[in-house]
file input31.txt (compact mmCIF, C-alpha atoms and all ligand atoms)
# COMPACT_ATOMS: atom_id res chain seq x y z
CA MET A 1109 104.14 -42.37 53.95
CA SER A 1110 105.49 -40.04 56.60
CA GLU A 1111 104.00 -36.58 56.16
CA ARG A 1112 103.66 -33.31 58.00
CA THR A 1113 100.61 -31.29 59.00
CA LEU A 1114 99.93 -27.94 60.63
CA VAL A 1115 97.86 -27.96 63.79
CA ILE A 1116 96.80 -24.90 65.76
CA ILE A 1117 95.66 -25.04 69.35
CA LYS A 1118 93.25 -22.11 69.01
CA PRO A 1119 92.91 -19.17 71.43
CA ASP A 1120 89.90 -20.68 73.25
CA ALA A 1121 91.80 -23.85 74.18
CA VAL A 1122 94.92 -21.92 75.22
CA ALA A 1123 92.88 -19.48 77.35
CA ALA A 1124 91.00 -22.35 79.01
CA GLY A 1125 94.26 -24.08 79.98
CA ASN A 1126 93.64 -27.06 77.72
CA ALA A 1127 96.80 -26.79 75.57
CA GLY A 1128 98.67 -29.54 77.40
CA LYS A 1129 95.74 -31.94 77.26
CA VAL A 1130 95.30 -31.29 73.53
CA LEU A 1131 99.00 -31.82 72.81
CA THR A 1132 98.92 -35.09 74.75
CA ARG A 1133 96.30 -36.49 72.34
CA TYR A 1134 98.72 -36.07 69.42
CA GLU A 1135 101.70 -37.44 71.33
CA GLU A 1136 99.70 -40.48 72.42
CA ALA A 1137 98.92 -41.13 68.74
CA GLY A 1138 102.67 -41.39 68.15
CA LEU A 1139 103.02 -38.13 66.24
CA GLU A 1140 106.30 -36.25 66.41
CA ILE A 1141 106.51 -32.51 67.17
CA VAL A 1142 108.64 -30.85 64.49
CA ALA A 1143 107.97 -27.19 65.38
CA MET A 1144 105.87 -25.32 67.94
CA ASP A 1145 105.32 -21.71 68.99
CA LEU A 1146 103.04 -19.47 71.06
CA ARG A 1147 101.83 -16.67 68.82
CA THR A 1148 99.20 -13.92 68.56
CA ILE A 1149 98.31 -13.11 64.95
CA SER A 1150 97.05 -10.04 63.07
CA GLY A 1151 93.85 -9.86 61.06
CA GLU A 1152 95.94 -9.81 57.87
CA PHE A 1153 97.66 -13.04 58.89
CA SER A 1154 94.29 -14.63 59.66
CA ASP A 1155 93.16 -13.62 56.16
CA GLN A 1156 96.15 -15.43 54.66
CA HIS A 1157 95.59 -18.55 56.75
CA TYR A 1158 91.85 -18.68 56.01
CA GLU A 1159 92.06 -17.42 52.42
CA GLU A 1160 89.50 -20.03 51.26
CA HIS A 1161 86.92 -18.71 53.77
CA LEU A 1162 87.25 -14.92 53.32
CA GLU A 1163 83.82 -14.55 51.72
CA ARG A 1164 81.95 -16.86 54.13
CA ASP A 1165 79.36 -15.32 56.45
CA PHE A 1166 81.11 -16.77 59.51
CA TYR A 1167 84.53 -15.35 58.61
CA PRO A 1168 84.30 -11.97 60.43
CA ALA A 1169 83.55 -13.74 63.73
CA LEU A 1170 86.27 -16.30 63.03
CA ARG A 1171 88.79 -13.52 62.31
CA GLU A 1172 87.85 -11.71 65.52
CA PHE A 1173 88.28 -14.93 67.49
CA MET A 1174 91.57 -15.93 65.85
CA THR A 1175 93.12 -12.54 66.67
CA SER A 1176 91.76 -12.46 70.24
CA GLY A 1177 94.77 -13.95 72.02
CA PRO A 1178 97.69 -16.33 71.86
CA MET A 1179 97.47 -19.65 70.08
CA ILE A 1180 99.91 -22.51 69.56
CA PRO A 1181 100.80 -23.47 65.98
CA ILE A 1182 102.47 -26.87 65.74
CA VAL A 1183 103.96 -28.90 62.91
CA LEU A 1184 103.44 -32.62 63.48
CA ARG A 1185 105.01 -35.48 61.55
CA GLY A 1186 103.98 -39.11 61.21
CA GLU A 1187 102.64 -41.79 58.92
CA GLY A 1188 99.34 -40.56 57.45
CA CYS A 1189 99.23 -37.76 60.02
CA ILE A 1190 97.03 -35.37 57.99
CA ALA A 1191 94.07 -37.76 58.21
CA THR A 1192 94.97 -39.01 61.69
CA VAL A 1193 94.99 -35.52 63.16
CA ARG A 1194 91.63 -34.65 61.57
CA GLU A 1195 90.17 -37.79 63.15
CA ILE A 1196 91.63 -36.93 66.55
CA ASN A 1197 90.23 -33.39 66.23
CA GLY A 1198 86.68 -34.46 65.28
CA ALA A 1199 84.01 -32.69 63.23
CA THR A 1200 84.23 -28.93 62.70
CA ASN A 1201 81.16 -28.17 64.82
CA PRO A 1202 81.80 -29.43 68.38
CA ALA A 1203 78.09 -30.29 68.67
CA ASN A 1204 78.59 -32.87 65.90
CA ALA A 1205 82.06 -34.06 66.94
CA GLU A 1206 82.41 -37.75 67.78
CA PRO A 1207 82.76 -38.57 71.52
CA GLY A 1208 86.37 -38.65 72.62
CA THR A 1209 87.60 -36.22 69.99
CA ILE A 1210 89.33 -32.96 70.92
CA ARG A 1211 86.50 -30.81 69.61
CA ALA A 1212 83.87 -32.84 71.48
CA ASP A 1213 85.86 -32.57 74.71
CA PHE A 1214 87.23 -29.01 74.50
CA GLY A 1215 85.31 -27.13 71.76
CA GLU A 1216 82.48 -24.72 72.53
CA SER A 1217 80.98 -23.52 69.23
CA GLY A 1218 81.53 -22.88 65.51
CA PRO A 1219 84.59 -20.66 65.66
CA ARG A 1220 85.64 -21.71 69.18
CA ASN A 1221 86.36 -25.32 68.34
CA ALA A 1222 89.75 -25.69 70.07
CA VAL A 1223 91.90 -26.76 67.12
CA HIS A 1224 92.75 -26.32 63.45
CA ALA A 1225 94.39 -28.92 61.22
CA SER A 1226 95.40 -28.98 57.56
CA ASP A 1227 92.95 -30.92 55.38
CA SER A 1228 95.19 -32.12 52.51
CA PRO A 1229 98.85 -32.46 51.53
CA GLU A 1230 98.51 -29.23 49.51
CA SER A 1231 97.03 -27.21 52.39
CA ALA A 1232 99.58 -28.71 54.82
CA ALA A 1233 102.46 -27.54 52.61
CA ALA A 1234 100.95 -24.06 52.18
CA GLU A 1235 100.10 -23.67 55.89
CA ILE A 1236 103.51 -24.89 57.09
CA ALA A 1237 105.16 -22.42 54.68
CA LEU A 1238 102.95 -19.60 56.02
CA TRP A 1239 103.41 -20.31 59.73
CA PHE A 1240 106.97 -21.66 59.73
CA PRO A 1241 108.75 -20.30 56.64
CA GLY A 1242 111.77 -22.34 55.64
CA LEU A 1243 110.88 -25.35 57.77
P1 LIG B 1 87.90 -27.23 59.68
O1 LIG B 1 88.58 -26.36 60.71
O2 LIG B 1 87.27 -28.44 60.29
O3 LIG B 1 88.80 -27.55 58.51
P2 LIG B 1 86.55 -25.32 57.95
O4 LIG B 1 87.83 -25.25 57.18
O5 LIG B 1 85.31 -25.59 57.19
O6 LIG B 1 86.67 -26.40 59.12
O7 LIG B 1 86.32 -23.95 58.72
C1 LIG B 1 87.39 -23.27 59.32
C2 LIG B 1 86.98 -22.80 60.71
O8 LIG B 1 85.93 -21.86 60.58
C3 LIG B 1 86.41 -23.89 61.61
O9 LIG B 1 87.41 -24.62 62.30
C4 LIG B 1 85.56 -23.09 62.56
O10 LIG B 1 86.36 -22.47 63.56
C5 LIG B 1 85.01 -22.00 61.66
N1 LIG B 1 83.71 -22.36 61.09
C6 LIG B 1 83.46 -23.19 60.06
N2 LIG B 1 82.16 -23.28 59.78
C7 LIG B 1 81.54 -22.45 60.64
C8 LIG B 1 80.17 -22.08 60.87
N3 LIG B 1 79.18 -22.58 60.12
N4 LIG B 1 79.91 -21.21 61.87
C9 LIG B 1 80.91 -20.69 62.62
N5 LIG B 1 82.22 -20.98 62.46
C10 LIG B 1 82.54 -21.86 61.49
MG MG B 2 89.57 -26.27 57.07
call {"tool": "encode", "arguments": {"input": "input31.txt", "output": "structure tokens", "more": "lines below"}}
Ligand code: ADP
Ligand code: MG
result
Amino acid sequence: MSERTLVIIKPDAVAAGNAGKVLTRYEEAGLEIVAMDLRTISGEFSDQHYEEHLERDFYPALREFMTSGPMIPIVLRGEGCIATVREINGATNPANAEPGTIRADFGESGPRNAVHASDSPESAAAEIALWFPGL
């Protein structure tokens, strides 16, 4: 089934000049770009995006990082793309990410792991509505 997912090229990857290389991975997997923007977000917006993690011990550092500079939110579309994108991204911690994944190649640490992607149809719908209202 064709579905949509929200990806974010995080501030570390944008600052390091890796945005184009990251985007190429998704295009080479045959995924279609539906929407894309360059955006710097507030702490309040980070809280909305990461609502499920607000109480976690790593969240203050994640919030600081996510508000530190511009990032690139993208809506991608394709058959099974929610799972496909999570595979292309690799494990959350770059140290554990499979060779050849985006996080293995461009991630640095826990928060600074280059990319975000929705993890379910429900989170994809909520995240697309948050980042691109009306899309
Ligand atoms: P994912 O981004 O793979 O869906 P999570 O939803 O669990 O991972 O976490 C959201 C983000 O929080 C991660 O992408 C990462 O930037 C950060 N994060 C998660 N776990 C940790 C941790 N133990 N230490 C530092 N940062 C973390
Ligand atoms: Mg997550």
call {"tool": "residues_around", "arguments": {"input": "input31.txt", "residues": "Val1193 in chain A", "least_positions_apart": "5", "cutoff": "12 Å", "atoms": "only C-alpha atoms", "output": "PyMOL selection string"}}
result
chain A and resi 1111-1116+1130-1131+1133-1140+1182-1188+1198-1199+1209-1211+1223-1228+1232
call {"tool": "residues_near_ligand", "arguments": {"input": "input31.txt", "ligand": "ligand LIG 1 (chain B)", "cutoff": "10 Å", "atoms": "all atoms listed in the file", "output": "ChimeraX atom specification"}}
result
/A:1115-1116,1118,1157-1158,1160-1161,1164-1171,1173-1174,1194,1197-1202,1211,1215,1217-1228
call {"tool": "atom_distance", "arguments": {"input": "input31.txt", "atom1": "CA of Val1122 in chain A", "atom2": "CA of Met1179 in chain A"}}
result
6.2 Å
call {"tool": "atom_distance", "arguments": {"input": "input31.txt", "atom1": "CA of Ser1110 in chain A", "atom2": "CA of Ile1196 in chain A"}}
result
17.3 Å
call {"tool": "closest_residue", "arguments": {"input": "input31.txt", "among": "A:Glu1195, A:Ala1205, A:Ala1124, A:Ile1190", "to": "Pro1229 in chain A", "atoms": "all atoms listed in the file"}}
result
A:Ile1190
call {"tool": "closest_residue", "arguments": {"input": "input31.txt", "among": "A:Ala1123, A:Ile1180, A:Ile1117, A:Met1109", "to": "Thr1148 in chain A", "atoms": "all atoms listed in the file"}}
result
A:Ile1180
call {"tool": "closest_residue", "arguments": {"input": "input31.txt", "among": "A:Glu1235, A:Glu1172, A:Ala1127, A:Ala1203", "to": "ligand MG 2 (chain B)", "atoms": "all atoms listed in the file"}}
result
A:Glu1235
call {"tool": "atom_distance", "arguments": {"input": "input31.txt", "atom1": "CA of Asn1126 in chain A", "atom2": "CA of Thr1175 in chain A"}}
result
18.3 Å
call {"tool": "closest_residue", "arguments": {"input": "input31.txt", "among": "A:Glu1206, A:Glu1159, A:Asp1145, A:Glu1216", "to": "ligand MG 2 (chain B)", "atoms": "all atoms listed in the file"}}
result
A:Glu1159
call {"tool": "closest_residue", "arguments": {"input": "input31.txt", "among": "A:Gln1156, A:Phe1214, A:Leu1162, A:Ala1191", "to": "Ala1234 in chain A", "atoms": "all atoms listed in the file"}}
result
A:Gln1156
call {"tool": "residues_around", "arguments": {"input": "input31.txt", "residues": "Ser1176 in chain A", "least_positions_apart": "6", "cutoff": "9 Å", "atoms": "all atoms listed in the file", "output": "NGL selection string"}}
result
:A and (1119-1120 or 1148-1149)
call {"tool": "decode", "arguments": {"input": "input31.txt", "residues": "range 1151-1205 of chain A", "atoms": "C-alpha atoms", "output": "tab-separated table (two decimals), in the first residue's frame"}}
result
chain	number	residue	atom	x	y	z
A	1151	GLY	CA	11.53	24.37	22.06
A	1152	GLU	CA	7.72	24.28	22.22
A	1153	PHE	CA	7.55	22.77	18.74
A	1154	SER	CA	10.18	20.18	19.70
A	1155	ASP	CA	8.01	19.29	22.71
A	1156	GLN	CA	5.06	18.66	20.40
A	1157	HIS	CA	7.09	16.56	17.99
A	1158	TYR	CA	8.71	14.49	20.75
A	1159	GLU	CA	5.67	14.39	23.06
A	1160	GLU	CA	6.26	10.68	23.82
A	1161	HIS	CA	9.80	11.44	25.09
A	1162	LEU	CA	9.20	14.54	27.26
A	1163	GLU	CA	9.93	12.72	30.51
A	1164	ARG	CA	13.00	10.80	29.29
A	1165	ASP	CA	16.39	11.67	30.77
A	1166	PHE	CA	17.85	12.33	27.32
A	1167	TYR	CA	15.09	14.76	26.28
A	1168	PRO	CA	16.67	18.05	27.50
A	1169	ALA	CA	19.79	17.38	25.40
A	1170	LEU	CA	17.64	16.29	22.47
A	1171	ARG	CA	15.55	19.48	22.73
A	1172	GLU	CA	18.68	21.63	22.85
A	1173	PHE	CA	20.05	19.87	19.78
A	1174	MET	CA	16.79	19.99	17.80
A	1175	THR	CA	16.51	23.76	18.32
A	1176	SER	CA	20.20	24.44	17.56
A	1177	GLY	CA	19.88	25.20	13.85
A	1178	PRO	CA	18.04	24.53	10.62
A	1179	MET	CA	16.76	21.10	9.72
A	1180	ILE	CA	14.93	19.69	6.71
A	1181	PRO	CA	11.52	18.09	7.29
A	1182	ILE	CA	10.37	15.99	4.33
A	1183	VAL	CA	7.23	14.03	3.54
A	1184	LEU	CA	8.02	10.94	1.49
A	1185	ARG	CA	5.56	8.66	-0.28
A	1186	GLY	CA	5.93	5.09	-1.50
A	1187	GLU	CA	4.88	1.50	-1.05
A	1188	GLY	CA	5.64	0.49	2.55
A	1189	CYS	CA	7.75	3.61	3.00
A	1190	ILE	CA	7.39	3.86	6.81
A	1191	ALA	CA	9.33	0.62	7.30
A	1192	THR	CA	11.62	1.20	4.32
A	1193	VAL	CA	12.77	4.58	5.60
A	1194	ARG	CA	13.46	3.21	9.10
A	1195	GLU	CA	15.62	0.50	7.51
A	1196	ILE	CA	17.50	3.04	5.40
A	1197	ASN	CA	18.04	5.19	8.51
A	1198	GLY	CA	19.37	2.37	10.72
A	1199	ALA	CA	19.28	1.89	14.49
A	1200	THR	CA	18.68	4.89	16.75
A	1201	ASN	CA	22.20	4.83	18.22
A	1202	PRO	CA	24.71	5.32	15.35
A	1203	ALA	CA	27.14	3.00	17.19
A	1204	ASN	CA	24.62	0.17	16.71
A	1205	ALA	CA	23.43	1.14	13.23
